[in-house]
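A.B. asks: So that you have it, the file is final_28.cif, and it contains mmCIF, C-alpha atoms and all ligand atoms:
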data_upload
#
loop_
_atom_site.label_atom_id
_atom_site.label_comp_id
_atom_site.auth_asym_id
_atom_site.auth_seq_id
_atom_site.Cartn_x
_atom_site.Cartn_y
_atom_site.Cartn_z
CA MET A 21 91.24 -77.23 18.51
CA PHE A 22 88.21 -77.74 20.78
CA PHE A 23 88.33 -74.13 22.05
CA ASN A 24 88.85 -72.72 18.55
CA SER A 25 85.55 -74.16 17.30
CA PHE A 26 83.68 -72.64 20.30
CA SER A 27 85.26 -69.18 20.28
CA PRO A 28 82.98 -67.63 17.56
CA SER A 29 79.90 -68.82 19.49
CA LEU A 30 81.29 -67.41 22.72
CA GLU A 31 82.03 -64.07 21.04
CA ALA A 32 78.47 -63.94 19.65
CA ALA A 33 76.97 -64.72 23.05
CA LYS A 34 79.16 -62.03 24.62
CA SER A 35 78.00 -59.44 22.07
CA ILE A 36 74.35 -60.34 22.62
CA GLY A 37 74.86 -60.02 26.36
CA GLN A 38 76.44 -56.60 25.93
CA GLY A 39 73.54 -55.49 23.71
CA PHE A 40 71.01 -56.59 26.31
CA ARG A 41 72.89 -54.78 29.03
CA VAL A 42 72.75 -51.50 27.03
CA THR A 43 69.01 -52.03 26.36
CA MET A 44 68.27 -52.68 30.02
CA ASP A 45 70.34 -49.67 31.02
CA HIS A 46 68.27 -47.39 28.74
CA MET A 47 64.97 -48.88 29.95
CA SER A 48 65.70 -47.77 33.48
CA ARG A 49 66.51 -44.17 32.44
CA LYS A 50 63.98 -41.35 32.64
CA PRO A 51 62.94 -39.75 29.32
CA ILE A 52 64.51 -36.40 28.57
CA THR A 53 62.14 -35.37 25.78
CA VAL A 54 58.74 -33.66 26.07
CA GLN A 55 55.64 -33.61 23.87
CA TYR A 56 56.33 -30.27 22.14
CA PRO A 57 54.36 -28.05 21.48
CA TYR A 58 51.97 -29.24 24.25
CA GLU A 59 54.85 -29.29 26.70
CA THR A 60 57.88 -27.03 26.62
CA LEU A 61 61.11 -27.13 28.54
CA VAL A 62 62.23 -24.10 30.53
CA PRO A 63 65.41 -22.83 28.83
CA SER A 64 68.52 -22.56 30.93
CA GLU A 65 69.19 -19.36 32.85
CA ARG A 66 71.67 -17.94 30.32
CA PHE A 67 69.68 -18.94 27.23
CA ARG A 68 69.84 -16.26 24.52
CA GLY A 69 66.42 -15.95 22.92
CA ARG A 70 64.45 -13.14 21.28
CA ILE A 71 65.67 -9.69 22.29
CA HIS A 72 63.42 -7.36 24.27
CA PHE A 73 63.75 -3.61 23.67
CA GLU A 74 62.59 -0.66 25.79
CA PHE A 75 62.01 2.30 23.50
CA ASP A 76 61.91 4.95 26.27
CA LYS A 77 65.35 4.01 27.58
CA CYS A 78 67.15 4.15 24.23
CA ILE A 79 69.42 7.19 23.68
CA SER A 80 70.14 6.42 19.99
CA CYS A 81 73.86 6.08 20.65
CA GLU A 82 74.17 3.20 18.14
CA VAL A 83 76.62 1.29 20.30
CA CYS A 84 74.49 -1.80 19.61
CA VAL A 85 75.12 -1.36 15.89
CA ARG A 86 78.87 -0.94 16.30
CA VAL A 87 79.32 -4.00 18.52
CA CYS A 88 77.07 -6.21 16.39
CA PRO A 89 79.20 -8.49 14.18
CA ILE A 90 76.83 -7.79 11.28
CA ASN A 91 75.78 -4.19 12.16
CA LEU A 92 72.24 -5.45 12.39
CA PRO A 93 70.13 -3.15 14.62
CA VAL A 94 68.55 -0.32 12.63
CA VAL A 95 68.44 2.85 14.73
CA ASP A 96 66.53 5.67 13.08
CA TRP A 97 66.85 9.01 14.87
CA LYS A 98 66.79 12.75 14.20
CA PHE A 99 68.55 15.53 16.02
CA ASP A 100 66.27 17.83 18.00
CA PRO A 101 68.01 21.26 18.06
CA GLU A 102 65.74 22.58 20.78
CA VAL A 103 66.88 20.12 23.41
CA LYS A 104 70.14 19.35 21.58
CA LYS A 105 69.52 15.63 21.77
CA LYS A 106 68.88 12.76 19.42
CA GLU A 107 65.26 11.73 19.20
CA LEU A 108 64.65 8.06 18.43
CA ARG A 109 62.14 7.50 15.63
CA SER A 110 62.29 3.76 15.15
CA TYR A 111 64.36 0.73 16.11
CA SER A 112 64.39 -2.74 14.57
CA ILE A 113 66.29 -6.03 14.61
CA ASP A 114 65.89 -8.73 11.97
CA PHE A 115 65.89 -12.09 13.77
CA GLY A 116 66.15 -13.83 10.42
CA VAL A 117 69.74 -12.59 10.32
CA CYS A 118 70.63 -12.14 14.02
CA ILE A 119 72.98 -14.78 15.42
CA PHE A 120 71.87 -14.15 19.05
CA CYS A 121 75.42 -13.46 20.16
CA GLY A 122 74.19 -10.98 22.79
CA ASN A 123 76.81 -8.30 22.11
CA CYS A 124 74.19 -5.56 21.68
CA VAL A 125 72.59 -6.50 25.00
CA GLU A 126 75.93 -6.60 26.78
CA TYR A 127 77.21 -3.23 25.58
CA CYS A 128 74.02 -1.12 25.55
CA PRO A 129 74.80 1.72 28.01
CA THR A 130 71.21 2.14 29.17
CA ASN A 131 70.28 -1.57 29.43
CA CYS A 132 67.30 -1.10 27.16
CA LEU A 133 68.05 -4.42 25.45
CA SER A 134 67.70 -7.79 27.14
CA MET A 135 67.66 -11.43 26.09
CA THR A 136 64.39 -13.27 26.73
CA ASP A 137 63.90 -17.04 26.85
CA GLU A 138 61.56 -16.92 23.83
CA TYR A 139 62.67 -19.35 21.12
CA GLU A 140 59.47 -19.96 19.15
CA LEU A 141 60.33 -17.79 16.17
CA SER A 142 59.13 -19.97 13.29
CA VAL A 143 57.30 -18.09 10.53
CA PHE A 144 56.28 -18.84 6.95
CA ASP A 145 57.78 -15.62 5.59
CA ARG A 146 61.25 -14.74 6.87
CA HIS A 147 60.49 -11.03 6.48
CA GLU A 148 58.12 -11.41 9.44
CA LEU A 149 61.22 -11.87 11.59
CA ASN A 150 62.20 -8.24 11.11
CA PHE A 151 60.92 -6.94 14.47
CA ASP A 152 60.22 -3.23 14.90
CA GLN A 153 60.18 -1.46 18.26
CA VAL A 154 56.59 -2.57 18.91
CA ALA A 155 57.35 -6.27 18.35
CA LEU A 156 60.63 -5.95 20.25
CA GLY A 157 58.85 -4.29 23.15
CA ARG A 158 56.41 -7.18 23.61
CA LEU A 159 57.02 -9.25 26.71
CA PRO A 160 58.00 -12.88 26.00
CA ASN A 161 55.33 -15.53 25.50
CA SER A 162 54.95 -18.24 28.06
CA THR A 163 53.78 -21.51 26.56
CA SER A 164 51.26 -23.28 28.74
CA LEU A 165 51.07 -27.00 29.28
CA ASN A 166 48.22 -29.44 29.39
CA PRO A 167 47.93 -29.83 33.18
CA THR A 168 46.20 -33.21 32.88
CA LYS A 169 49.42 -34.86 31.79
CA GLY A 170 51.85 -36.25 34.29
CA PHE A 171 55.31 -34.77 34.20
CA ALA A 172 56.72 -36.47 37.25
CA TYR A 173 59.46 -37.98 35.15
CA LEU A 174 60.94 -34.55 34.45
CA GLU A 175 63.08 -32.70 36.91
CA LYS A 176 61.30 -30.00 38.83
CA GLY A 177 61.62 -26.58 37.20
CA ARG A 178 62.45 -27.89 33.72
CA ILE A 179 59.03 -27.43 32.14
CA ASN A 180 56.78 -24.43 31.62
CA TYR A 181 53.38 -24.48 33.31
S1 LIG B 1 72.42 -10.47 19.25
FE1 LIG B 1 74.37 -10.20 18.16
S2 LIG B 1 73.84 -10.48 16.00
FE2 LIG B 1 71.91 -10.11 17.08
S3 LIG B 1 71.58 -7.90 16.91
FE3 LIG B 1 72.64 -8.26 18.85
S4 LIG B 1 74.83 -8.02 18.39
FE4 LIG B 1 73.74 -8.27 16.43
S1 LIG B 2 73.08 0.70 22.45
FE1 LIG B 2 71.15 0.78 23.59
S2 LIG B 2 70.79 2.96 23.90
FE2 LIG B 2 72.31 2.82 22.28
S3 LIG B 2 71.10 2.83 20.36
FE3 LIG B 2 71.42 0.69 20.94
S4 LIG B 2 69.61 0.14 22.10
FE4 LIG B 2 69.68 2.38 22.04
#
What's the structure tokens form of this structure?
Ligand code: SF4
Ligand code: SF4
C.D. replies:
Amino acid sequence: MFFNSFSPSLEAAKSIGQGFRVTMDHMSRKPITVQYPYETLVPSERFRGRIHFEFDKCISCEVCVRVCPINLPVVDWKFDPEVKKKELRSYSIDFGVCIFCGNCVEYCPTNCLSMTDEYELSVFDRHELNFDQVALGRLPNSTSLNPTKGFAYLEKGRINY
């Protein structure tokens, strides 16, 4: 009888103790977030971001189109009878539709496609995400940080400078 009347109080005290333990545990942890866009994390090595394209290396074979799950890359070429070769006129990928699977990069026979670590692709008009060969040929942006801030709490190599 005596123990029965105390058991709810003991349970409550136990729960409060557990809650405090979780709070204290989190207080001792280092933060894993950064002050974006002033700070940016370095994506992991195999991150699949915006695709880079090298126009001069493309042979217009259209393998990238065939392996793409949505036949997305647009390869415009014409046949040059003099040299008996395809001549690339334009190339584009719409990143508003692309699922960044990386198939085109993996199967391109001349390695003219590559995945960059660029992920800042927000635009007001989704049609702006249709990148032509000029936009695709641009090297990836590197976001700079405010060097006055202290980032000692982050692991070395995780943030862009
Ligand atoms: S990354 Fe995938 S979805 Fe995007 S263009 Fe290449 S194959 Fe198509
Ligand atoms: S697979 Fe490579 S070489 Fe062939 S059309 Fe696509 S980008 Fe050009």
A.B. asks: Quick one: which chain A residues come within 12 Å of ligand LIG 2 (chain B), and what is the nearest atom pair for each with the distance in Å to one decimal, counting all atoms listed in the file, rows ordered by chain and ascending number, as JSON lines?
C.D. replies:
{"residue": "A:Ile71", "atom": "CA", "partner": "B:LIG2", "partner_atom": "S4", "distance": 10.6}
{"residue": "A:His72", "atom": "CA", "partner": "B:LIG2", "partner_atom": "S4", "distance": 10.0}
{"residue": "A:Phe73", "atom": "CA", "partner": "B:LIG2", "partner_atom": "S4", "distance": 7.1}
{"residue": "A:Glu74", "atom": "CA", "partner": "B:LIG2", "partner_atom": "S4", "distance": 8.0}
{"residue": "A:Phe75", "atom": "CA", "partner": "B:LIG2", "partner_atom": "FE4", "distance": 7.8}
{"residue": "A:Asp76", "atom": "CA", "partner": "B:LIG2", "partner_atom": "FE4", "distance": 9.2}
{"residue": "A:Lys77", "atom": "CA", "partner": "B:LIG2", "partner_atom": "S2", "distance": 6.7}
{"residue": "A:Cys78", "atom": "CA", "partner": "B:LIG2", "partner_atom": "FE4", "distance": 3.8}
{"residue": "A:Ile79", "atom": "CA", "partner": "B:LIG2", "partner_atom": "S2", "distance": 4.5}
{"residue": "A:Ser80", "atom": "CA", "partner": "B:LIG2", "partner_atom": "S3", "distance": 3.7}
{"residue": "A:Cys81", "atom": "CA", "partner": "B:LIG2", "partner_atom": "FE2", "distance": 4.0}
{"residue": "A:Glu82", "atom": "CA", "partner": "B:LIG2", "partner_atom": "S3", "distance": 3.8}
{"residue": "A:Val83", "atom": "CA", "partner": "B:LIG2", "partner_atom": "S1", "distance": 4.2}
{"residue": "A:Cys84", "atom": "CA", "partner": "B:LIG2", "partner_atom": "S1", "distance": 4.0}
{"residue": "A:Val85", "atom": "CA", "partner": "B:LIG2", "partner_atom": "FE3", "distance": 6.6}
{"residue": "A:Arg86", "atom": "CA", "partner": "B:LIG2", "partner_atom": "S1", "distance": 8.6}
{"residue": "A:Val87", "atom": "CA", "partner": "B:LIG2", "partner_atom": "S1", "distance": 8.7}
{"residue": "A:Cys88", "atom": "CA", "partner": "B:LIG2", "partner_atom": "FE3", "distance": 10.0}
{"residue": "A:Asn91", "atom": "CA", "partner": "B:LIG2", "partner_atom": "FE3", "distance": 11.0}
{"residue": "A:Leu92", "atom": "CA", "partner": "B:LIG2", "partner_atom": "FE3", "distance": 10.6}
{"residue": "A:Pro93", "atom": "CA", "partner": "B:LIG2", "partner_atom": "FE3", "distance": 7.5}
{"residue": "A:Val94", "atom": "CA", "partner": "B:LIG2", "partner_atom": "S3", "distance": 8.7}
{"residue": "A:Val95", "atom": "CA", "partner": "B:LIG2", "partner_atom": "S3", "distance": 6.2}
{"residue": "A:Asp96", "atom": "CA", "partner": "B:LIG2", "partner_atom": "S3", "distance": 9.1}
{"residue": "A:Trp97", "atom": "CA", "partner": "B:LIG2", "partner_atom": "S3", "distance": 9.3}
{"residue": "A:Lys106", "atom": "CA", "partner": "B:LIG2", "partner_atom": "S3", "distance": 10.2}
{"residue": "A:Glu107", "atom": "CA", "partner": "B:LIG2", "partner_atom": "S3", "distance": 10.7}
{"residue": "A:Leu108", "atom": "CA", "partner": "B:LIG2", "partner_atom": "FE4", "distance": 8.4}
{"residue": "A:Arg109", "atom": "CA", "partner": "B:LIG2", "partner_atom": "FE4", "distance": 11.1}
{"residue": "A:Ser110", "atom": "CA", "partner": "B:LIG2", "partner_atom": "FE4", "distance": 10.2}
{"residue": "A:Tyr111", "atom": "CA", "partner": "B:LIG2", "partner_atom": "S4", "distance": 8.0}
{"residue": "A:Ser112", "atom": "CA", "partner": "B:LIG2", "partner_atom": "S4", "distance": 9.6}
{"residue": "A:Ile113", "atom": "CA", "partner": "B:LIG2", "partner_atom": "S4", "distance": 10.3}
{"residue": "A:Gly122", "atom": "CA", "partner": "B:LIG2", "partner_atom": "S1", "distance": 11.7}
{"residue": "A:Asn123", "atom": "CA", "partner": "B:LIG2", "partner_atom": "S1", "distance": 9.7}
{"residue": "A:Cys124", "atom": "CA", "partner": "B:LIG2", "partner_atom": "S1", "distance": 6.4}
{"residue": "A:Val125", "atom": "CA", "partner": "B:LIG2", "partner_atom": "FE1", "distance": 7.6}
{"residue": "A:Glu126", "atom": "CA", "partner": "B:LIG2", "partner_atom": "S1", "distance": 9.0}
{"residue": "A:Tyr127", "atom": "CA", "partner": "B:LIG2", "partner_atom": "S1", "distance": 6.5}
{"residue": "A:Cys128", "atom": "CA", "partner": "B:LIG2", "partner_atom": "S1", "distance": 3.7}
{"residue": "A:Pro129", "atom": "CA", "partner": "B:LIG2", "partner_atom": "FE1", "distance": 5.8}
{"residue": "A:Thr130", "atom": "CA", "partner": "B:LIG2", "partner_atom": "S2", "distance": 5.3}
{"residue": "A:Asn131", "atom": "CA", "partner": "B:LIG2", "partner_atom": "FE1", "distance": 6.4}
{"residue": "A:Cys132", "atom": "CA", "partner": "B:LIG2", "partner_atom": "FE1", "distance": 5.6}
{"residue": "A:Leu133", "atom": "CA", "partner": "B:LIG2", "partner_atom": "S4", "distance": 5.9}
{"residue": "A:Ser134", "atom": "CA", "partner": "B:LIG2", "partner_atom": "S4", "distance": 9.6}
{"residue": "A:Gln153", "atom": "CA", "partner": "B:LIG2", "partner_atom": "S4", "distance": 10.3}
{"residue": "A:Leu156", "atom": "CA", "partner": "B:LIG2", "partner_atom": "S4", "distance": 11.0}
{"residue": "A:Gly157", "atom": "CA", "partner": "B:LIG2", "partner_atom": "S4", "distance": 11.7}
A.B. asks: Take CA of Ile52 in chain A and CA of Asp137 in chain A and report the distance between them in Å, one decimal.
C.D. replies: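 Distance reported for this atom pair: 19.4 Å.
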A.B. asks: State, in Å with one decimal place, the distance from atom S2 of ligand LIG 1 (chain B) to CA of Phe115 in chain A.
C.D. replies: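 Taking atom S2 of ligand LIG 1 (chain B) as the start and CA of Phe115 in chain A as the end point, the length is 8.4 Å.
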A.B. asks: Could you tell me how far CA of Asn161 in chain A sits from CA of Leu149 in chain A, in Å to one decimal place?
C.D. replies: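 Taking CA of Leu149 in chain A and CA of Asn161 in chain A, their separation equals 15.5 Å.
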A.B. asks: Counting only C-alpha atoms, figure out which residue out of A:Phe151, A:Pro89, A:Glu140, A:Glu102 gets nearest to Gly116 in chain A.
C.D. replies: A:Phe151
